[in-house]
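Notes for the one structure printed next.
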Amino acid sequence: MRLNSIAPESFSEQPHGLVATAPIAPSPSPIAAKQAIRTSLRASTLDGVFAAVFSTITSGVLLSNFLVELHASPTEIGLLSSIPMVANLIQPLGAFLGDRVNSRHNYCLWVYAPSRLLWLVLVAGIAFAHWWHVEAQRLVWWTLAIVCLTHFIGALGSAVWLSWLAALVPRRLRGRYFGIRNSAASLTNLLCVPLLGLAVSAFPGGSLQAFGVVLLLGVVAGIISLGFQFLMVDVNPQRQQEEEGSGEWGVGSRESGSRQPSTVSGQETANSAPLVINPIGFTGEAADTDGRSRQALITDDSQNPHLISLSTPYALPPFLRDKNFLFFLLYFSGWMFAVNLSAPFFNLYMLDNLAIDVSWVTIYTSLQAGATLVMLVVWGRLADRVGNRPILLAVGILVAVTPLFWLGTGANTLSVWLWLPLLHVIAGATWAAIDLCNNNLQLGVAPVQQQASYFAVAAAIAGISGALGTTVGGFLAEFADYGGIPGLFALSAIVRLVALLPLVLVHEQRGQSLHQMMQVLFPSKAAPALETVPAYSQAVLLKAQLDDATHCTVDKSVTMEE
């Protein structure tokens with residue numbers, strides 16, 4: 001997306017005559033800047049909608065059912081879930097490469113386009129297996145190979161994409177914006193999963209061939225989602241690092257915290273960097289709602305209160321000296337291990353142990369997506385009000401004990417019509433909070449200067465833990481002497497509760513305690529209640545907040561031009 005054209009070359013008077021200087025990019029007008037950010041957020045939401053269709057097909061219940069139809073073992077089902085987490089090990093490499101390019105958009109395009117197009121190889125493999133009667137076990141390994149290859153390629157772009165989006169979304173709008181974006185993705189799942197499940201069940205050629213057709217549609221949706229990224233404002237990490245490294249725009253502590261500007265007569269002053277045109281947009285960060293530029297960063301370790309000072313001549317990497325980030329890593333890795341002990345096996349339990357038809361399972365998945373859709377906006381507003389950590393602690397306890405409720409399910413009518421739907425609704429409502437707040441908390445504990453590297457390290461550590469949990473869970477699920485899958489559910493509940501303990505030590509700027517969150521949720525007569533905002537007004541509210549968030553940056557840019 002180009003706001004306006006690059007100005008022609010200018011010439012300056014030098015001792016030896018006229019010397020051509022670099023092209024000067026005029027800063028965008030205030031209206032164009034605000035419209036560019038607003039367009040970027042809309043395009044990112046549409047990107048998420050079509051990406052949700054792609055992810056639903058390539059990583060959800062439809063892919064699990066495909067392997068179950070091929071008589072895959074629980075270990076292979078566990079391997080299917082562990083591959084994406086193991087792939088996160090190369091996210092630090094992706095962050096390293098992404099910080100050395102000139103465009104976040106181009107980097108993401110060259111990573112995600114091949115990783116999604118490679119699924120066409122599996123489409124061809126399914127057709128080949130049908131025509132030449134290839135044995136089912138070989139097709140299982142073909143599927144796992146494609147899953148492995150595509151996720152390892154895609155992992156190279158995860159940290160870069162998150163850094164790109166973090167630069168565009170104002171900090172105080174993250175809860176609301178990601179709530180709306182994830183709600184749109186959940187609505188897509190709500191509509192697509194049952195329809196695709198019924199199509200797979202009713203396809204005249206069989207469920208295996210039906211999945212091949214559905215997978216082809218998923219690849220098309222994945223490519224369409226990449227097209228919307230052309231409408232998003234691009235970020236040039238090289239220019240961003242130059243402006244940050246110069247310290248010209250002040251010294252910041254942490255993106256979730258307040259900036260450390262100079263103080264004049266008791267008043268805080270902060271400068272804002274001008275916006276710079278890039279090939280498809282302009283570099284420069286959206287401002288926070290308090291008018292401070294997102295260019296703030298750590299230029300001195302002493303400015304970060306969470307860094308452990310070392311007297312040795314060989315200092316450790318910043319993330320190893322950041323106590324707060326290490327506490328977050330301890331929580332996040334333990335949580336991923338505990339969750340993935342059982343998470344990949346709920347669908348297997350219904351499809352295999354309970355012998356429930358895949359059409360029922362897709363309906364349950366849609367109910368879960370519907371609950372997520374309803375609650376995401378609620379959790380987003382609450383997270384902006386009380387912080388992410390208290391929500392994670394409160395809701396995490398309920399998520400931890402949820403696997404125990406599965407022990408009372410069966411193939412009887414009561415379970416099929418009441419118990420299983422209720423469990424999926426609870427899961428959708430609670431996991432909406434967990435996913436949203438984990439993402440926001442990760443954005444908050446990472447300093448601006450090393451965002452991509454912090455995100456990559458967190459993803460790599462969590463990937464190792466999640467893959468280990470899935471592998472251990474798949475191993476235990478095959479042994480009936482240890483309780484099989486039901487015994488695994490009970491073990492997972494205990495480990496999840498233990499994994500929540502390190503979260504108590506994580507510090508969140510502007511976060512509140514559990515007691516304060518309870519006062520917000522259940523106010524007394526003396527305390528004002530949390531104002532209820534209708535769901536239809538969320539987009540209007542986000543627009544108003546965005547106007548406030550971008551107003552100061554645009555005004556300062558115009559002032560600097562003058």
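Each chain in the structure tokens gets a letter, A, B and so on, in the order shown; residues start at 1 in every chain, and ligands are counted from 1 in the order they appear.
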Within 8 Å of Asn65 in chain A, counting only C-alpha atoms, which residues qualify if same-chain residues fewer than 4 places away don't, as a ChimeraX atom specification? /A:61,69,351,358
Of the candidates A:Leu398, A:Leu190, A:Ala210, A:Ala159, which shows the shortest atom-to-atom distance to Ala127 in chain A, using only C-alpha atoms?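 Nearest candidate to Ala127 in chain A out of A:Leu398, A:Leu190, A:Ala210, A:Ala159: A:Ala210.
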List as a VMD selection string the protein and nucleic acid residues near Gly157 in chain A, meaning an atom at most 12 Å away when only C-alpha atoms are counted, but skip any in the same chain fewer than 5 places from it. chain A and resid 87 to 88 90 to 99 104 to 115 150 to 152 162 to 164 452 to 453 455 to 456 459
Shell of 9 Å around Met232 in chain A, only C-alpha atoms, local chain residues under 3 positions omitted, as a short mmCIF file (atom, residue, chain, number, x, y, z; two decimals) with all heavy atoms, in the first residue's frame:
data_model
loop_
_atom_site.label_atom_id
_atom_site.label_comp_id
_atom_site.auth_asym_id
_atom_site.auth_seq_id
_atom_site.Cartn_x
_atom_site.Cartn_y
_atom_site.Cartn_z
N MET A 1 0.85 -1.18 0.00
CA MET A 1 0.00 0.00 0.00
C MET A 1 0.89 1.23 0.00
O MET A 1 1.76 1.36 0.85
CB MET A 1 -0.88 0.01 1.25
CG MET A 1 -1.80 1.20 1.34
SD MET A 1 -2.78 1.08 2.83
CE MET A 1 -1.53 1.21 4.07
N ALA A 36 -4.40 4.92 7.05
CA ALA A 36 -3.52 3.79 6.77
C ALA A 36 -3.51 2.80 7.92
O ALA A 36 -3.56 1.59 7.72
CB ALA A 36 -2.10 4.30 6.49
N ILE A 37 -3.46 3.30 9.15
CA ILE A 37 -3.47 2.41 10.31
C ILE A 37 -4.81 1.69 10.41
O ILE A 37 -4.88 0.48 10.67
CB ILE A 37 -3.18 3.21 11.59
CG1 ILE A 37 -1.77 3.81 11.52
CG2 ILE A 37 -3.32 2.33 12.83
CD1 ILE A 37 -1.45 4.73 12.68
N THR A 39 -6.92 1.06 7.98
CA THR A 39 -6.99 0.08 6.90
C THR A 39 -6.15 -1.15 7.22
O THR A 39 -6.54 -2.29 6.92
CB THR A 39 -6.50 0.72 5.59
OG1 THR A 39 -7.33 1.85 5.28
CG2 THR A 39 -6.57 -0.28 4.43
N SER A 40 -5.00 -0.95 7.86
CA SER A 40 -4.14 -2.07 8.22
C SER A 40 -4.84 -3.01 9.20
O SER A 40 -4.76 -4.23 9.07
CB SER A 40 -2.84 -1.55 8.83
OG SER A 40 -2.11 -0.78 7.92
N LEU A 41 -5.52 -2.44 10.18
CA LEU A 41 -6.20 -3.28 11.17
C LEU A 41 -7.36 -4.04 10.53
O LEU A 41 -7.60 -5.21 10.85
CB LEU A 41 -6.69 -2.42 12.32
CG LEU A 41 -5.60 -1.67 13.12
CD1 LEU A 41 -6.21 -0.96 14.33
CD2 LEU A 41 -4.51 -2.62 13.56
N ARG A 42 -8.09 -3.38 9.62
CA ARG A 42 -9.16 -4.09 8.92
C ARG A 42 -8.59 -5.22 8.05
O ARG A 42 -9.13 -6.32 8.02
CB ARG A 42 -9.96 -3.12 8.05
CG ARG A 42 -10.75 -2.07 8.81
CD ARG A 42 -11.81 -1.47 7.91
NE ARG A 42 -12.43 -0.29 8.52
CZ ARG A 42 -12.18 0.96 8.17
NH1 ARG A 42 -11.31 1.22 7.22
NH2 ARG A 42 -12.80 1.97 8.78
N ALA A 43 -7.51 -4.92 7.34
CA ALA A 43 -6.90 -5.94 6.49
C ALA A 43 -6.36 -7.09 7.31
O ALA A 43 -6.46 -8.26 6.91
CB ALA A 43 -5.77 -5.31 5.66
N SER A 44 -5.80 -6.80 8.47
CA SER A 44 -5.31 -7.86 9.34
C SER A 44 -6.45 -8.75 9.83
O SER A 44 -6.29 -9.96 9.97
CB SER A 44 -4.56 -7.25 10.53
OG SER A 44 -4.16 -8.25 11.43
N HIS A 105 6.64 -7.13 5.48
CA HIS A 105 5.64 -7.73 4.59
C HIS A 105 6.27 -8.69 3.61
O HIS A 105 5.80 -9.82 3.43
CB HIS A 105 4.89 -6.63 3.84
CG HIS A 105 4.05 -7.15 2.72
ND1 HIS A 105 4.46 -7.11 1.40
CD2 HIS A 105 2.83 -7.74 2.72
CE1 HIS A 105 3.52 -7.66 0.64
NE2 HIS A 105 2.53 -8.04 1.41
N LEU A 168 1.81 -2.25 14.77
CA LEU A 168 0.65 -1.56 14.20
C LEU A 168 -0.47 -1.34 15.19
O LEU A 168 -1.24 -0.38 15.06
CB LEU A 168 0.11 -2.37 13.00
CG LEU A 168 1.06 -2.55 11.82
CD1 LEU A 168 0.38 -3.37 10.73
CD2 LEU A 168 1.50 -1.20 11.27
N PHE A 228 -4.46 -10.01 1.60
CA PHE A 228 -4.87 -8.87 2.42
C PHE A 228 -3.69 -8.22 3.11
O PHE A 228 -3.79 -7.06 3.53
CB PHE A 228 -5.90 -9.33 3.47
CG PHE A 228 -7.27 -9.58 2.88
CD1 PHE A 228 -7.72 -10.87 2.68
CD2 PHE A 228 -8.09 -8.52 2.54
CE1 PHE A 228 -8.97 -11.11 2.14
CE2 PHE A 228 -9.34 -8.74 2.00
CZ PHE A 228 -9.79 -10.05 1.79
N GLN A 229 -2.56 -8.91 3.23
CA GLN A 229 -1.40 -8.30 3.86
C GLN A 229 -0.80 -7.20 2.99
O GLN A 229 -0.03 -6.37 3.48
CB GLN A 229 -0.35 -9.37 4.17
CG GLN A 229 -0.80 -10.36 5.22
CD GLN A 229 0.27 -11.38 5.59
OE1 GLN A 229 1.40 -11.30 5.12
NE2 GLN A 229 -0.09 -12.35 6.42
N ILE A 280 5.33 -0.44 0.38
CA ILE A 280 3.88 -0.67 0.36
C ILE A 280 3.19 0.14 1.44
O ILE A 280 2.03 -0.08 1.72
CB ILE A 280 3.54 -2.15 0.55
CG1 ILE A 280 3.93 -2.61 1.97
CG2 ILE A 280 4.18 -3.01 -0.47
CD1 ILE A 280 3.36 -3.95 2.32
N GLY A 281 3.86 1.05 2.05
CA GLY A 281 3.22 1.85 3.09
C GLY A 281 4.22 2.80 3.67
O GLY A 281 4.95 3.46 2.96
#
I want to know what sits within 9 Å of Leu491 in chain A, based on only C-alpha atoms, with residues of the same chain fewer than 5 positions away left out; could you give that as a PyMOL selection string? chain A and resi 338+341-342+403+486+496
If you keep N, CA and C atoms, can you produce a file of those selected residues as a tab-separated table (two decimals), in the first residue's frame?
chain	number	residue	atom	x	y	z
A	338	ALA	N	1.85	-29.06	30.23
A	338	ALA	CA	0.69	-29.61	30.92
A	338	ALA	C	-0.52	-29.70	30.00
A	341	LEU	N	-0.26	-32.49	27.29
A	341	LEU	CA	-0.36	-33.87	27.74
A	341	LEU	C	-1.66	-34.51	27.28
A	342	SER	N	-2.73	-33.70	27.24
A	342	SER	CA	-4.04	-34.26	26.92
A	342	SER	C	-4.73	-33.59	25.74
A	403	PRO	N	-10.18	-31.21	32.28
A	403	PRO	CA	-10.02	-32.62	31.85
A	403	PRO	C	-10.68	-33.62	32.79
A	486	PRO	N	-8.27	-41.79	29.62
A	486	PRO	CA	-8.87	-41.21	30.84
A	486	PRO	C	-7.85	-40.94	31.93
A	496	ARG	N	-1.43	-29.18	35.16
A	496	ARG	CA	-1.87	-27.83	34.79
A	496	ARG	C	-1.93	-26.92	36.01
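Nearest residue to Arg176 in chain A among A:Val416, A:Gly469, A:Pro447, A:Val378 is A:Val378, counting only C-alpha atoms.
For the pair CA of Pro502 in chain A and CA of Leu376 in chain A, the interatomic distance is 24.8 Å.
The gap separating CA of Phe325 in chain A from CA of Asn102 in chain A is 28.0 Å, in Å to one decimal.
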Counting only C-alpha atoms, figure out which residue out of A:Thr45, A:Thr143, A:Thr365, A:Ser64 gets nearest to Ile126 in chain A.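 Result for the nearest residue to Ile126 in chain A: A:Thr143.
The closest residue to Ile461 in chain A, picked from A:Gly334, A:Gly370, A:Pro421, A:Pro170 and counting only C-alpha atoms, is A:Gly334.
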Distance CA of Phe327 in chain A-CA of Val506 in chain A, one decimal place?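 Spanning CA of Phe327 in chain A to CA of Val506 in chain A is a straight-line distance of 5.7 Å.
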Which residues are close to Leu505 in chain A, i.e. within 9 Å by only C-alpha atoms, leaving aside same-chain residues fewer than 4 positions away? Reply as JSON, numbers by chain. {"A": [324, 327, 328, 501]}
When you look at Pro194 in chain A with a cut-off of 8 Å (counting only C-alpha atoms), what residues show up, excluding the ones that are within fewer than 5 positions of it in the same chain? I need them as a list in words. Ser359, Thr362, Ile363, Thr365 and Ser366 of chain A
Since we have the selection now, will you write its residues out, keeping N, CA, C and O atoms, as a JSON list (two decimals), in the first residue's frame?
[["chain", "number", "residue", "atom", "x", "y", "z"],
["A", 359, "SER", "N", -19.32, -35.98, 12.18],
["A", 359, "SER", "CA", -20.24, -34.85, 12.04],
["A", 359, "SER", "C", -20.63, -34.30, 13.41],
["A", 359, "SER", "O", -20.76, -33.08, 13.58],
["A", 362, "THR", "N", -17.61, -32.28, 14.73],
["A", 362, "THR", "CA", -17.51, -30.95, 14.13],
["A", 362, "THR", "C", -18.57, -30.00, 14.69],
["A", 362, "THR", "O", -18.32, -28.80, 14.82],
["A", 363, "ILE", "N", -19.73, -30.53, 15.04],
["A", 363, "ILE", "CA", -20.76, -29.69, 15.67],
["A", 363, "ILE", "C", -20.28, -29.21, 17.03],
["A", 363, "ILE", "O", -20.44, -28.04, 17.41],
["A", 365, "THR", "N", -17.19, -28.83, 17.90],
["A", 365, "THR", "CA", -16.14, -27.85, 17.63],
["A", 365, "THR", "C", -16.75, -26.49, 17.29],
["A", 365, "THR", "O", -16.22, -25.44, 17.68],
["A", 366, "SER", "N", -17.86, -26.50, 16.58],
["A", 366, "SER", "CA", -18.54, -25.24, 16.25],
["A", 366, "SER", "C", -19.12, -24.58, 17.49],
["A", 366, "SER", "O", -19.10, -23.35, 17.63]]
Using only C-alpha atoms, the residue out of A:Leu165, A:Val374, A:Leu329, A:Leu231 with shortest distance to Val445 in chain A is A:Leu329
Using only C-alpha atoms: which of A:Gly396, A:Gly428, A:Gly222, A:Gly463 has the shortest distance to Val53 in chain A: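 Ranked by minimum distance to Val53 in chain A, first place goes to A:Gly222.
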